[in-house]
$ cat data26.pdb   # PDB, C-alpha atoms and all ligand atoms
ATOM      1  CA  MET A  19      -1.369  -8.170  -7.266
ATOM      2  CA  VAL A  20      -4.269  -9.780  -5.474
ATOM      3  CA  ARG A  21      -3.895  -8.793  -1.862
ATOM      4  CA  SER A  22      -3.966  -5.221  -0.689
ATOM      5  CA  GLU A  23      -1.585  -5.709   2.235
ATOM      6  CA  MET A  24       1.597  -6.030   0.168
ATOM      7  CA  SER A  25       4.411  -7.580   2.126
ATOM      8  CA  THR A  26       7.800  -5.968   2.499
ATOM      9  CA  GLU A  27      11.218  -7.360   3.259
ATOM     10  CA  ALA A  28      10.139  -7.448   6.899
ATOM     11  CA  SER A  29       7.903 -10.380   6.020
ATOM     12  CA  LEU A  30      10.714 -12.425   4.487
ATOM     13  CA  HIS A  31      11.958 -15.321   6.587
ATOM     14  CA  GLU A  32      15.586 -14.885   5.476
ATOM     15  CA  PRO A  33      15.805 -11.340   4.062
ATOM     16  CA  THR A  34      19.582 -11.440   3.628
ATOM     17  CA  VAL A  35      19.209 -14.334   1.183
ATOM     18  CA  GLN A  36      15.746 -13.724  -0.235
ATOM     19  CA  ALA A  37      16.416 -10.086  -1.098
ATOM     20  CA  LEU A  38      20.035 -10.575  -2.175
ATOM     21  CA  PRO A  39      20.826  -8.338  -5.183
ATOM     22  CA  ARG A  40      20.567 -10.318  -8.441
ATOM     23  CA  GLU A  41      24.294 -10.112  -9.219
ATOM     24  CA  ALA A  42      25.216 -11.440  -5.768
ATOM     25  CA  LEU A  43      22.603 -14.184  -6.092
ATOM     26  CA  ALA A  44      23.948 -15.183  -9.500
ATOM     27  CA  ALA A  45      27.473 -15.282  -8.060
ATOM     28  CA  LEU A  46      26.342 -17.444  -5.132
ATOM     29  CA  GLN A  47      24.581 -19.821  -7.497
ATOM     30  CA  ALA A  48      27.599 -20.029  -9.820
ATOM     31  CA  GLU A  49      29.872 -20.753  -6.849
ATOM     32  CA  ARG A  50      27.596 -23.528  -5.581
ATOM     33  CA  LEU A  51      27.223 -25.017  -9.050
ATOM     34  CA  ALA A  52      30.992 -25.060  -9.590
ATOM     35  CA  ALA A  53      31.482 -26.788  -6.226
ATOM     36  CA  LEU A  54      28.740 -29.296  -7.076
ATOM     37  CA  LEU A  55      30.201 -30.132 -10.484
ATOM     38  CA  HIS A  56      33.653 -30.494  -8.955
ATOM     39  CA  ARG A  57      32.362 -32.916  -6.318
ATOM     40  CA  ALA A  58      30.277 -34.785  -8.903
ATOM     41  CA  GLY A  59      33.235 -35.253 -11.205
ATOM     42  CA  SER A  60      35.667 -36.305  -8.504
ATOM     43  CA  THR A  61      33.612 -38.531  -6.173
ATOM     44  CA  ALA A  62      34.552 -42.159  -6.742
ATOM     45  CA  GLY A  63      31.525 -44.302  -7.401
ATOM     46  CA  SER A  64      29.192 -41.440  -8.321
ATOM     47  CA  ARG A  65      27.301 -41.786 -11.577
ATOM     48  CA  TYR A  66      28.690 -38.416 -12.688
ATOM     49  CA  VAL A  67      32.414 -39.267 -12.725
ATOM     50  CA  GLY A  68      33.879 -38.478 -16.123
ATOM     51  CA  VAL A  69      30.722 -36.889 -17.531
ATOM     52  CA  GLY A  70      32.056 -33.352 -17.839
ATOM     53  CA  ALA A  71      32.815 -30.117 -16.086
ATOM     54  CA  THR A  72      29.751 -28.177 -17.250
ATOM     55  CA  LEU A  73      26.124 -28.720 -16.339
ATOM     56  CA  ALA A  74      25.167 -28.884 -20.018
ATOM     57  CA  ALA A  75      27.432 -31.937 -20.427
ATOM     58  CA  HIS A  76      24.997 -33.882 -18.254
ATOM     59  CA  ALA A  77      21.969 -35.312 -20.026
ATOM     60  CA  PRO A  78      18.661 -34.445 -18.338
ATOM     61  CA  LEU A  79      17.744 -37.043 -15.710
ATOM     62  CA  THR A  80      14.258 -38.373 -16.317
ATOM     63  CA  GLY A  81      12.079 -39.826 -13.590
ATOM     64  CA  ALA A  82      12.413 -43.233 -15.228
ATOM     65  CA  ALA A  83      16.222 -42.968 -15.194
ATOM     66  CA  LEU A  84      16.120 -41.994 -11.501
ATOM     67  CA  ALA A  85      13.953 -45.007 -10.627
ATOM     68  CA  ASP A  86      16.182 -47.332 -12.709
ATOM     69  CA  GLU A  87      19.372 -45.992 -11.087
ATOM     70  CA  VAL A  88      17.984 -46.510  -7.584
ATOM     71  CA  GLU A  89      16.866 -50.027  -8.456
ATOM     72  CA  ALA A  90      20.221 -50.924 -10.018
ATOM     73  CA  HIS A  91      22.238 -49.394  -7.152
ATOM     74  CA  PRO A  92      20.165 -49.683  -3.978
ATOM     75  CA  PRO A  93      19.231 -48.157  -1.709
ATOM     76  CA  PHE A  94      19.512 -44.654  -3.202
ATOM     77  CA  GLY A  95      21.476 -44.858  -6.467
ATOM     78  CA  ARG A  96      24.968 -43.447  -7.130
ATOM     79  CA  PHE A  97      23.997 -39.844  -6.422
ATOM     80  CA  ARG A  98      25.853 -39.483  -3.163
ATOM     81  CA  LEU A  99      28.597 -36.858  -3.191
ATOM     82  CA  ASP A 100      29.555 -36.743   0.461
ATOM     83  CA  GLN A 101      29.880 -39.119   3.360
ATOM     84  CA  ALA A 102      27.514 -37.358   5.765
ATOM     85  CA  ALA A 103      25.107 -39.823   7.340
ATOM     86  CA  LEU A 104      21.683 -40.178   5.773
ATOM     87  CA  ILE A 105      19.213 -39.720   8.608
ATOM     88  CA  ARG A 106      15.805 -39.726   6.954
ATOM     89  CA  ALA A 107      14.341 -41.610   4.018
ATOM     90  CA  GLY A 108      11.086 -41.287   2.161
ATOM     91  CA  LEU A 109       9.482 -42.200  -1.132
ATOM     92  CA  ALA A 110       9.509 -39.908  -4.134
ATOM     93  CA  THR A 111       6.220 -40.429  -5.950
ATOM     94  CA  ALA A 112       5.981 -37.357  -8.177
ATOM     95  CA  ALA A 113       7.490 -37.300 -11.676
ATOM     96  CA  VAL A 114       8.701 -40.899 -11.331
ATOM     97  CA  PRO A 115       7.095 -44.022 -12.829
ATOM     98  CA  ARG A 116       7.059 -45.869  -9.481
ATOM     99  CA  PRO A 117       7.690 -44.949  -5.820
ATOM    100  CA  THR A 118      11.436 -44.437  -5.433
ATOM    101  CA  PRO A 119      13.413 -44.212  -2.165
ATOM    102  CA  ILE A 120      15.212 -40.929  -1.496
ATOM    103  CA  ALA A 121      17.095 -39.737   1.610
ATOM    104  CA  TRP A 122      18.355 -36.662   3.431
ATOM    105  CA  THR A 123      21.387 -35.797   5.560
ATOM    106  CA  ARG A 124      21.154 -33.572   8.654
ATOM    107  CA  ALA A 125      22.339 -30.575   6.587
ATOM    108  CA  ASP A 126      19.746 -31.383   3.901
ATOM    109  CA  LEU A 127      16.943 -31.478   6.477
ATOM    110  CA  ASP A 128      18.059 -28.202   8.052
ATOM    111  CA  ARG A 129      18.037 -26.519   4.662
ATOM    112  CA  GLU A 130      14.650 -28.007   3.751
ATOM    113  CA  ALA A 131      13.244 -26.716   7.044
ATOM    114  CA  SER A 132      14.427 -23.172   6.438
ATOM    115  CA  LEU A 133      13.174 -23.218   2.835
ATOM    116  CA  GLY A 134       9.848 -24.470   4.173
ATOM    117  CA  ALA A 135       9.792 -21.611   6.680
ATOM    118  CA  ARG A 136      10.350 -19.183   3.794
ATOM    119  CA  ALA A 137       7.428 -20.672   1.888
ATOM    120  CA  LEU A 138       5.075 -20.619   4.882
ATOM    121  CA  ARG A 139       6.123 -17.068   5.823
ATOM    122  CA  ARG A 140       5.046 -16.003   2.327
ATOM    123  CA  VAL A 141       1.590 -17.442   3.055
ATOM    124  CA  GLY A 142       1.367 -15.000   5.957
ATOM    125  CA  LEU A 143       2.264 -17.372   8.772
ATOM    126  CA  ALA A 144       4.602 -15.681  11.257
ATOM    127  CA  PRO A 145       6.518 -16.836  14.341
ATOM    128  CA  ARG A 146       3.973 -17.815  17.015
ATOM    129  CA  GLY A 147       1.369 -18.221  14.297
ATOM    130  CA  ARG A 148      -0.908 -21.254  14.264
ATOM    131  CA  SER A 149      -1.314 -23.723  11.447
ATOM    132  CA  SER A 150      -2.690 -27.182  10.906
ATOM    133  CA  ASP A 151      -1.641 -29.610   8.210
ATOM    134  CA  CYS A 152      -3.740 -32.182   6.389
ATOM    135  CA  LEU A 153      -0.825 -34.057   4.849
ATOM    136  CA  ASP A 154       0.087 -37.712   4.908
ATOM    137  CA  GLY A 155       2.647 -39.023   7.337
ATOM    138  CA  GLY A 156       5.077 -41.893   7.124
ATOM    139  CA  LEU A 157       7.069 -42.334   3.963
ATOM    140  CA  VAL A 158       5.057 -39.860   1.977
ATOM    141  CA  THR A 159       6.844 -36.819   0.547
ATOM    142  CA  PRO A 160       5.940 -34.017   0.731
ATOM    143  CA  GLY A 161       4.289 -34.973   3.997
ATOM    144  CA  THR A 162       3.679 -33.877   7.529
ATOM    145  CA  LEU A 163       7.281 -34.553   8.668
ATOM    146  CA  ALA A 164       8.756 -31.961   6.304
ATOM    147  CA  VAL A 165       6.073 -29.419   7.176
ATOM    148  CA  SER A 166       6.558 -29.934  10.916
ATOM    149  CA  ASP A 167      10.296 -29.269  10.464
ATOM    150  CA  ALA A 168       9.484 -26.075   8.550
ATOM    151  CA  LEU A 169       7.046 -24.860  11.215
ATOM    152  CA  ASP A 170       9.678 -25.611  13.821
ATOM    153  CA  ALA A 171      12.175 -23.426  11.918
ATOM    154  CA  LEU A 172       9.543 -20.692  11.728
ATOM    155  CA  ASP A 173       8.638 -20.987  15.424
ATOM    156  CA  ALA A 174       4.999 -21.524  14.475
ATOM    157  CA  LEU A 175       2.501 -24.017  15.819
ATOM    158  CA  ALA A 176       2.080 -27.334  13.987
ATOM    159  CA  LEU A 177      -1.092 -29.376  14.299
ATOM    160  CA  PRO A 178      -1.066 -32.415  12.018
ATOM    161  CA  VAL A 179      -4.556 -33.855  11.503
ATOM    162  CA  GLY A 180      -3.923 -36.169   8.553
ATOM    163  CA  PRO A 181      -5.634 -36.043   5.151
ATOM    164  CA  VAL A 182      -9.132 -34.535   5.158
ATOM    165  CA  VAL A 183     -10.836 -36.110   2.183
ATOM    166  CA  ASN A 184     -14.112 -37.385   3.664
ATOM    167  CA  ASP A 185     -16.784 -36.242   6.119
ATOM    168  CA  ALA A 186     -15.535 -38.359   9.034
ATOM    169  CA  ALA A 187     -12.008 -36.911   8.765
ATOM    170  CA  LEU A 188     -13.420 -33.411   8.437
ATOM    171  CA  GLN A 189     -15.573 -33.812  11.530
ATOM    172  CA  ARG A 190     -12.604 -35.054  13.559
ATOM    173  CA  ALA A 191     -10.363 -32.231  12.341
ATOM    174  CA  ALA A 192     -13.066 -29.587  12.758
ATOM    175  CA  GLU A 193     -13.369 -30.379  16.458
ATOM    176  CA  VAL A 194      -9.725 -29.607  17.094
ATOM    177  CA  TRP A 195      -9.673 -26.641  14.684
ATOM    178  CA  GLU A 196     -12.559 -25.172  16.688
ATOM    179  CA  ILE A 197     -10.295 -25.122  19.732
ATOM    180  CA  VAL A 198      -6.937 -24.213  18.194
ATOM    181  CA  ARG A 199      -8.204 -21.906  15.411
ATOM    182  CA  PRO A 200      -5.417 -22.256  12.857
ATOM    183  CA  GLU A 201      -4.694 -19.223  10.680
ATOM    184  CA  VAL A 202      -3.365 -21.291   7.806
ATOM    185  CA  LEU A 203      -4.277 -24.793   6.663
ATOM    186  CA  ILE A 204      -1.464 -26.639   4.933
ATOM    187  CA  VAL A 205      -2.900 -29.139   2.476
ATOM    188  CA  ASP A 206      -2.253 -31.225  -0.612
ATOM    189  CA  ALA A 207      -4.401 -31.148  -3.731
ATOM    190  CA  PRO A 208      -6.943 -33.827  -2.621
ATOM    191  CA  SER A 209      -7.551 -32.228   0.813
ATOM    192  CA  LEU A 210      -7.845 -28.767  -0.756
ATOM    193  CA  ALA A 211     -10.409 -30.023  -3.264
ATOM    194  CA  PHE A 212     -12.451 -31.712  -0.522
ATOM    195  CA  LEU A 213     -12.318 -28.749   1.889
ATOM    196  CA  GLN A 214     -13.361 -26.306  -0.800
ATOM    197  CA  ARG A 215     -16.374 -28.465  -1.667
ATOM    198  CA  ALA A 216     -17.382 -28.850   1.993
ATOM    199  CA  PRO A 217     -20.497 -26.843   2.910
ATOM    200  CA  ALA A 218     -18.994 -25.195   6.004
ATOM    201  CA  SER A 219     -16.861 -22.105   5.510
ATOM    202  CA  PRO A 220     -13.111 -22.767   5.526
ATOM    203  CA  PRO A 221     -11.761 -22.921   9.084
ATOM    204  CA  ALA A 222      -8.726 -20.756   8.283
ATOM    205  CA  ARG A 223      -8.235 -17.532   6.396
ATOM    206  CA  ALA A 224      -5.739 -19.034   3.986
ATOM    207  CA  PHE A 225      -4.652 -22.311   2.452
ATOM    208  CA  ALA A 226      -1.085 -23.275   1.663
ATOM    209  CA  VAL A 227      -1.151 -26.100  -0.842
ATOM    210  CA  LEU A 228       1.824 -28.291  -1.695
ATOM    211  CA  LEU A 229       1.769 -29.259  -5.358
ATOM    212  CA  THR A 230       4.107 -31.628  -7.191
ATOM    213  CA  PRO A 231       4.654 -32.213 -10.920
ATOM    214  CA  ASP A 232       1.725 -34.657 -10.675
ATOM    215  CA  ASP A 233      -0.477 -31.572 -10.105
ATOM    216  CA  ALA A 234       0.439 -29.847 -13.371
ATOM    217  CA  THR A 235      -3.082 -28.491 -13.908
ATOM    218  CA  GLU A 236      -3.228 -26.916 -10.445
ATOM    219  CA  LEU A 237       0.260 -25.420 -10.890
ATOM    220  CA  ALA A 238      -0.740 -23.750 -14.157
ATOM    221  CA  ALA A 239      -4.159 -22.521 -12.975
ATOM    222  CA  PRO A 240      -4.713 -18.785 -12.301
ATOM    223  CA  ALA A 241      -3.614 -17.529  -8.860
ATOM    224  CA  ARG A 242      -6.198 -17.114  -6.090
ATOM    225  CA  PRO A 243      -6.145 -14.752  -3.109
ATOM    226  CA  ASP A 244      -7.094 -17.437  -0.547
ATOM    227  CA  VAL A 245      -4.703 -20.157  -1.776
ATOM    228  CA  CYS A 246      -0.927 -19.878  -1.740
ATOM    229  CA  ARG A 247       0.746 -22.582  -3.842
ATOM    230  CA  ILE A 248       4.076 -24.207  -3.025
ATOM    231  CA  PHE A 249       5.897 -26.230  -5.672
ATOM    232  CA  SER A 250       7.426 -29.374  -4.204
ATOM    233  CA  LEU A 251       9.718 -31.949  -5.774
ATOM    234  CA  PRO A 252      11.149 -33.817  -2.772
ATOM    235  CA  GLN A 253      13.868 -35.641  -4.743
ATOM    236  CA  VAL A 254      15.312 -32.172  -5.522
ATOM    237  CA  CYS A 255      13.803 -29.820  -2.929
ATOM    238  CA  THR A 256      10.647 -30.195  -0.856
ATOM    239  CA  PHE A 257      10.000 -26.437  -0.936
ATOM    240  CA  ALA A 258      11.490 -25.630  -4.338
ATOM    241  CA  ALA A 259       9.330 -22.588  -5.075
ATOM    242  CA  GLY A 260       6.333 -20.752  -3.715
ATOM    243  CA  GLU A 261       3.901 -17.959  -4.411
ATOM    244  CA  CYS A 262       4.245 -14.683  -2.507
ATOM    245  CA  ALA A 263       1.618 -12.087  -1.602
ATOM    246  CA  ALA A 264       1.841 -10.668  -5.133
ATOM    247  CA  ARG A 265       0.567 -14.041  -6.498
ATOM    248  CA  ASP A 266       2.521 -13.447  -9.678
ATOM    249  CA  GLY A 267       4.628 -16.560 -10.116
ATOM    250  CA  PHE A 268       6.466 -18.937  -7.774
ATOM    251  CA  HIS A 269       9.718 -17.660  -6.220
ATOM    252  CA  LEU A 270      12.354 -20.314  -6.772
ATOM    253  CA  ALA A 271      14.834 -21.025  -3.942
ATOM    254  CA  GLU A 272      17.731 -20.065  -6.196
ATOM    255  CA  ASP A 273      20.347 -20.497  -3.497
ATOM    256  CA  ALA A 274      19.425 -24.210  -3.315
ATOM    257  CA  VAL A 275      17.976 -25.072  -6.716
ATOM    258  CA  LEU A 276      19.126 -24.174 -10.213
ATOM    259  CA  ALA A 277      16.391 -24.087 -12.819
ATOM    260  CA  GLU A 278      16.814 -24.384 -16.579
ATOM    261  CA  VAL A 279      14.110 -24.262 -19.178
ATOM    262  CA  VAL A 280      15.176 -26.424 -22.120
ATOM    263  CA  ASP A 281      12.774 -26.708 -25.052
ATOM    264  CA  GLY A 282      10.111 -25.304 -22.727
ATOM    265  CA  ARG A 283      10.672 -28.057 -20.129
ATOM    266  CA  LEU A 284      11.722 -27.324 -16.573
ATOM    267  CA  LEU A 285      14.934 -29.043 -15.400
ATOM    268  CA  LEU A 286      16.021 -28.659 -11.769
ATOM    269  CA  THR A 287      19.436 -29.217 -10.207
ATOM    270  CA  ALA A 288      19.839 -29.576  -6.441
ATOM    271  CA  LEU A 289      22.869 -27.407  -5.627
ATOM    272  CA  THR A 290      23.570 -28.593  -2.100
ATOM    273  CA  ARG A 291      21.869 -31.958  -1.500
ATOM    274  CA  GLY A 292      23.805 -34.971  -0.241
ATOM    275  CA  LEU A 293      22.149 -37.100  -2.931
ATOM    276  CA  ALA A 294      22.664 -34.801  -5.888
ATOM    277  CA  LEU A 295      20.233 -34.920  -8.787
ATOM    278  CA  LEU A 296      21.557 -32.968 -11.765
ATOM    279  CA  ARG A 297      19.125 -31.600 -14.355
ATOM    280  CA  PHE A 298      16.108 -33.546 -13.111
ATOM    281  CA  ASP A 299      13.397 -33.399 -15.763
ATOM    282  CA  THR A 300      10.197 -32.321 -14.013
ATOM    283  CA  GLY A 301       8.133 -33.024 -17.128
ATOM    284  CA  LEU A 302       6.541 -29.591 -16.602
ATOM    285  CA  HIS A 303       6.412 -26.690 -18.999
ATOM    286  CA  ALA A 304       7.451 -23.448 -17.373
ATOM    287  CA  ALA A 305       9.028 -20.043 -17.932
ATOM    288  CA  LEU A 306      11.449 -18.144 -15.666
ATOM    289  CA  ASP A 307      10.997 -14.475 -14.845
ATOM    290  CA  ARG A 308      13.951 -12.640 -13.290
ATOM    291  CA  SER A 309      12.299  -9.206 -13.189
ATOM    292  CA  PRO A 310      11.819  -7.540  -9.766
ATOM    293  CA  CYS A 311       8.776  -8.605  -7.733
ATOM    294  CA  ALA A 312       6.640  -6.234  -5.663
ATOM    295  CA  CYS A 313       7.263  -8.331  -2.532
ATOM    296  CA  GLY A 314      10.974  -7.508  -2.403
ATOM    297  CA  GLU A 315      12.296 -10.985  -3.143
ATOM    298  CA  THR A 316      14.929 -11.099  -5.833
ATOM    299  CA  HIS A 317      14.757 -14.812  -6.587
ATOM    300  CA  ALA A 318      13.391 -15.654 -10.034
ATOM    301  CA  ARG A 319       9.765 -16.609 -10.429
ATOM    302  CA  LEU A 320       8.516 -19.711 -12.166
ATOM    303  CA  ARG A 321       5.346 -19.622 -14.185
ATOM    304  CA  PHE A 322       3.887 -22.953 -15.178
ATOM    305  CA  ALA A 323       2.084 -23.495 -18.457
TER     306      ALA A 323
HETATM  307 ZN    ZN B 401       7.185 -11.862  -4.823
END
$ encode --input "data26.pdb" --output "structure tokens" --more "lines below"
Ligand SMILES: [Zn+2]
Amino acid sequence: MVRSEMSTEASLHEPTVQALPREALAALQAERLAALLHRAGSTAGSRYVGVGATLAAHAPLTGAALADEVEAHPPFGRFRLDQAALIRAGLATAAVPRPTPIAWTRADLDREASLGARALRRVGLAPRGRSSDCLDGGLVTPGTLAVSDALDALDALALPVGPVVNDAALQRAAEVWEIVRPEVLIVDAPSLAFLQRAPASPPARAFAVLLTPDDATELAAPARPDVCRIFSLPQVCTFAAGECAARDGFHLAEDAVLAEVVDGRLLLTALTRGLALLRFDTGLHAALDRSPCACGETHARLRFA
């Protein structure tokens, strides 16, 4: 444990889910997986029809296979298992050989926002707290749109300033940070690297950094007290897992994402997404720890290698 002020269940965004007893969590996950496999096997036109009734019957989905499927069946591949309208699209760029369009339904976005609020609450941001994000906008995932939704769900202040990777951007951002005084800066790996090299002291007491499978080195690095890492794979879940105050692994959102470690490789299945990716191969090496965590969350922790 790195920090002295250990959080309790009171600091969880959704304590009823995040501190659910393991057996109840396993039952919830099994129920959602069964429903997913049923929909996958019975939805006409989906790429899963006829594959099999168990998850293991499905071959892992590589990033290359995802990109090929989307190209062969535009705009989003044959992953759709319900008819809810798709209301936002973006480009997946992590763990895929080329930028690949993905999309969300209203229910997907609501869930992403609340998972994002969980992740940011773990960083220490509370309702009415102030943050600023240095993420890209537009089509980029994970980007400022997803983080703004999460801050909205948390009732915290968003202040998008765009990527801060050079002196001019830093000067512009610093002027507004001087006025607003964010408690947490939400960054990606390039902005974090630049801000930590900058001569001035960091403008906030903590960083939340969004890391994708393209940041394998940063995911596997030792934990730090001033940086809280969030693991993001937008084609499966934008806020799939995140570090808590104990800084001892990344709590996986097990009610939304099922993780398997096969031959040391991390496969993720989106349990509730409108465009359902089954057994997506992250290309990362990881281990799962289901032992209790000091923070009170019961969801398993990922450790990257
Ligand atoms: Zn924890």
$ residues_around --input "data26.pdb" --residues "region 220-225 of chain A" --least-positions-apart "2" --cutoff "6 Å" --atoms "all atoms listed in the file" --output "JSON, numbers by chain"
{"A": [200, 201, 202, 203, 204, 244, 245]}
$ resolve_selection --input "data26.pdb" --expression "the PyMOL selection byres (((not hetatm)) within 7 of (chain B and resi 401))" --output "VMD selection string"
chain A and resid 261 to 264 266 269 311 to 315
$ write_last_selection --input "data26.pdb" --atoms "C-alpha atoms" --output "JSON list (two decimals), keeping the file's coordinate frame"
[["chain", "number", "residue", "atom", "x", "y", "z"],
["A", 261, "GLU", "CA", 3.90, -17.96, -4.41],
["A", 262, "CYS", "CA", 4.24, -14.68, -2.51],
["A", 263, "ALA", "CA", 1.62, -12.09, -1.60],
["A", 264, "ALA", "CA", 1.84, -10.67, -5.13],
["A", 266, "ASP", "CA", 2.52, -13.45, -9.68],
["A", 269, "HIS", "CA", 9.72, -17.66, -6.22],
["A", 311, "CYS", "CA", 8.78, -8.60, -7.73],
["A", 312, "ALA", "CA", 6.64, -6.23, -5.66],
["A", 313, "CYS", "CA", 7.26, -8.33, -2.53],
["A", 314, "GLY", "CA", 10.97, -7.51, -2.40],
["A", 315, "GLU", "CA", 12.30, -10.98, -3.14]]
$ resolve_selection --input "data26.pdb" --expression "the PyMOL selection byres (((chain A and resi 163-172) around 6) and not hetatm)" --output "list in words"
Ala131, Ser132, Gly134, Ala135, Pro145, Gly161, Thr162, Asp173 and Ala174 of chain A
$ resolve_selection --input "data26.pdb" --expression "the PyMOL selection byres (((chain A and resi 85-90) around 10) and not hetatm)" --output "number ranges by chain"
A: 65, 80-84, 91-97, 110, 114-120
$ residues_near_point --input "data26.pdb" --point "(-4.7, -37.4, 12.7)" --cutoff "10 Å" --atoms "all atoms listed in the file" --output "list of chain:residue names"
A:Asp151, A:Cys152, A:Leu153, A:Asp154, A:Gly155, A:Leu177, A:Pro178, A:Val179, A:Gly180, A:Pro181, A:Val182, A:Ala187, A:Arg190, A:Ala191
$ atom_distance --input "data26.pdb" --atom1 "CA of Ala125 (chain A)" --atom2 "CA of Val254 (chain A)"
14.1 Å
$ build_atoms --input "data26.pdb" --residues "region 283-297 of chain A" --atoms "N, CA and C atoms" --output "compact mmCIF listing (two decimals), in the coordinates of the input"
# COMPACT_ATOMS: atom_id res chain seq x y z
N ARG A 283 10.82 -27.17 -21.29
CA ARG A 283 10.67 -28.06 -20.13
C ARG A 283 11.56 -27.62 -18.98
N LEU A 284 11.02 -27.77 -17.77
CA LEU A 284 11.72 -27.32 -16.57
C LEU A 284 12.63 -28.43 -16.04
N LEU A 285 13.95 -28.13 -15.99
CA LEU A 285 14.93 -29.04 -15.40
C LEU A 285 15.43 -28.40 -14.10
N LEU A 286 15.56 -29.19 -13.05
CA LEU A 286 16.02 -28.66 -11.77
C LEU A 286 17.26 -29.41 -11.28
N THR A 287 18.22 -28.65 -10.78
CA THR A 287 19.44 -29.22 -10.21
C THR A 287 19.51 -28.83 -8.73
N ALA A 288 19.68 -29.84 -7.88
CA ALA A 288 19.84 -29.58 -6.44
C ALA A 288 21.28 -29.16 -6.21
N LEU A 289 21.50 -27.92 -5.73
CA LEU A 289 22.87 -27.41 -5.63
C LEU A 289 23.61 -27.92 -4.40
N THR A 290 22.88 -28.30 -3.36
CA THR A 290 23.57 -28.59 -2.10
C THR A 290 23.19 -29.93 -1.49
N ARG A 291 22.34 -30.72 -2.13
CA ARG A 291 21.87 -31.96 -1.50
C ARG A 291 22.95 -33.02 -1.44
N GLY A 292 22.88 -33.85 -0.39
CA GLY A 292 23.80 -34.97 -0.24
C GLY A 292 23.66 -35.96 -1.38
N LEU A 293 22.41 -36.28 -1.75
CA LEU A 293 22.15 -37.10 -2.93
C LEU A 293 21.82 -36.12 -4.04
N ALA A 294 22.78 -35.91 -4.94
CA ALA A 294 22.66 -34.80 -5.89
C ALA A 294 22.01 -35.23 -7.19
N LEU A 295 20.86 -34.69 -7.49
CA LEU A 295 20.23 -34.92 -8.79
C LEU A 295 20.57 -33.73 -9.68
N LEU A 296 21.18 -34.02 -10.82
CA LEU A 296 21.56 -32.97 -11.76
C LEU A 296 20.57 -32.97 -12.92
N ARG A 297 20.01 -31.81 -13.19
CA ARG A 297 19.12 -31.60 -14.36
C ARG A 297 17.94 -32.57 -14.33
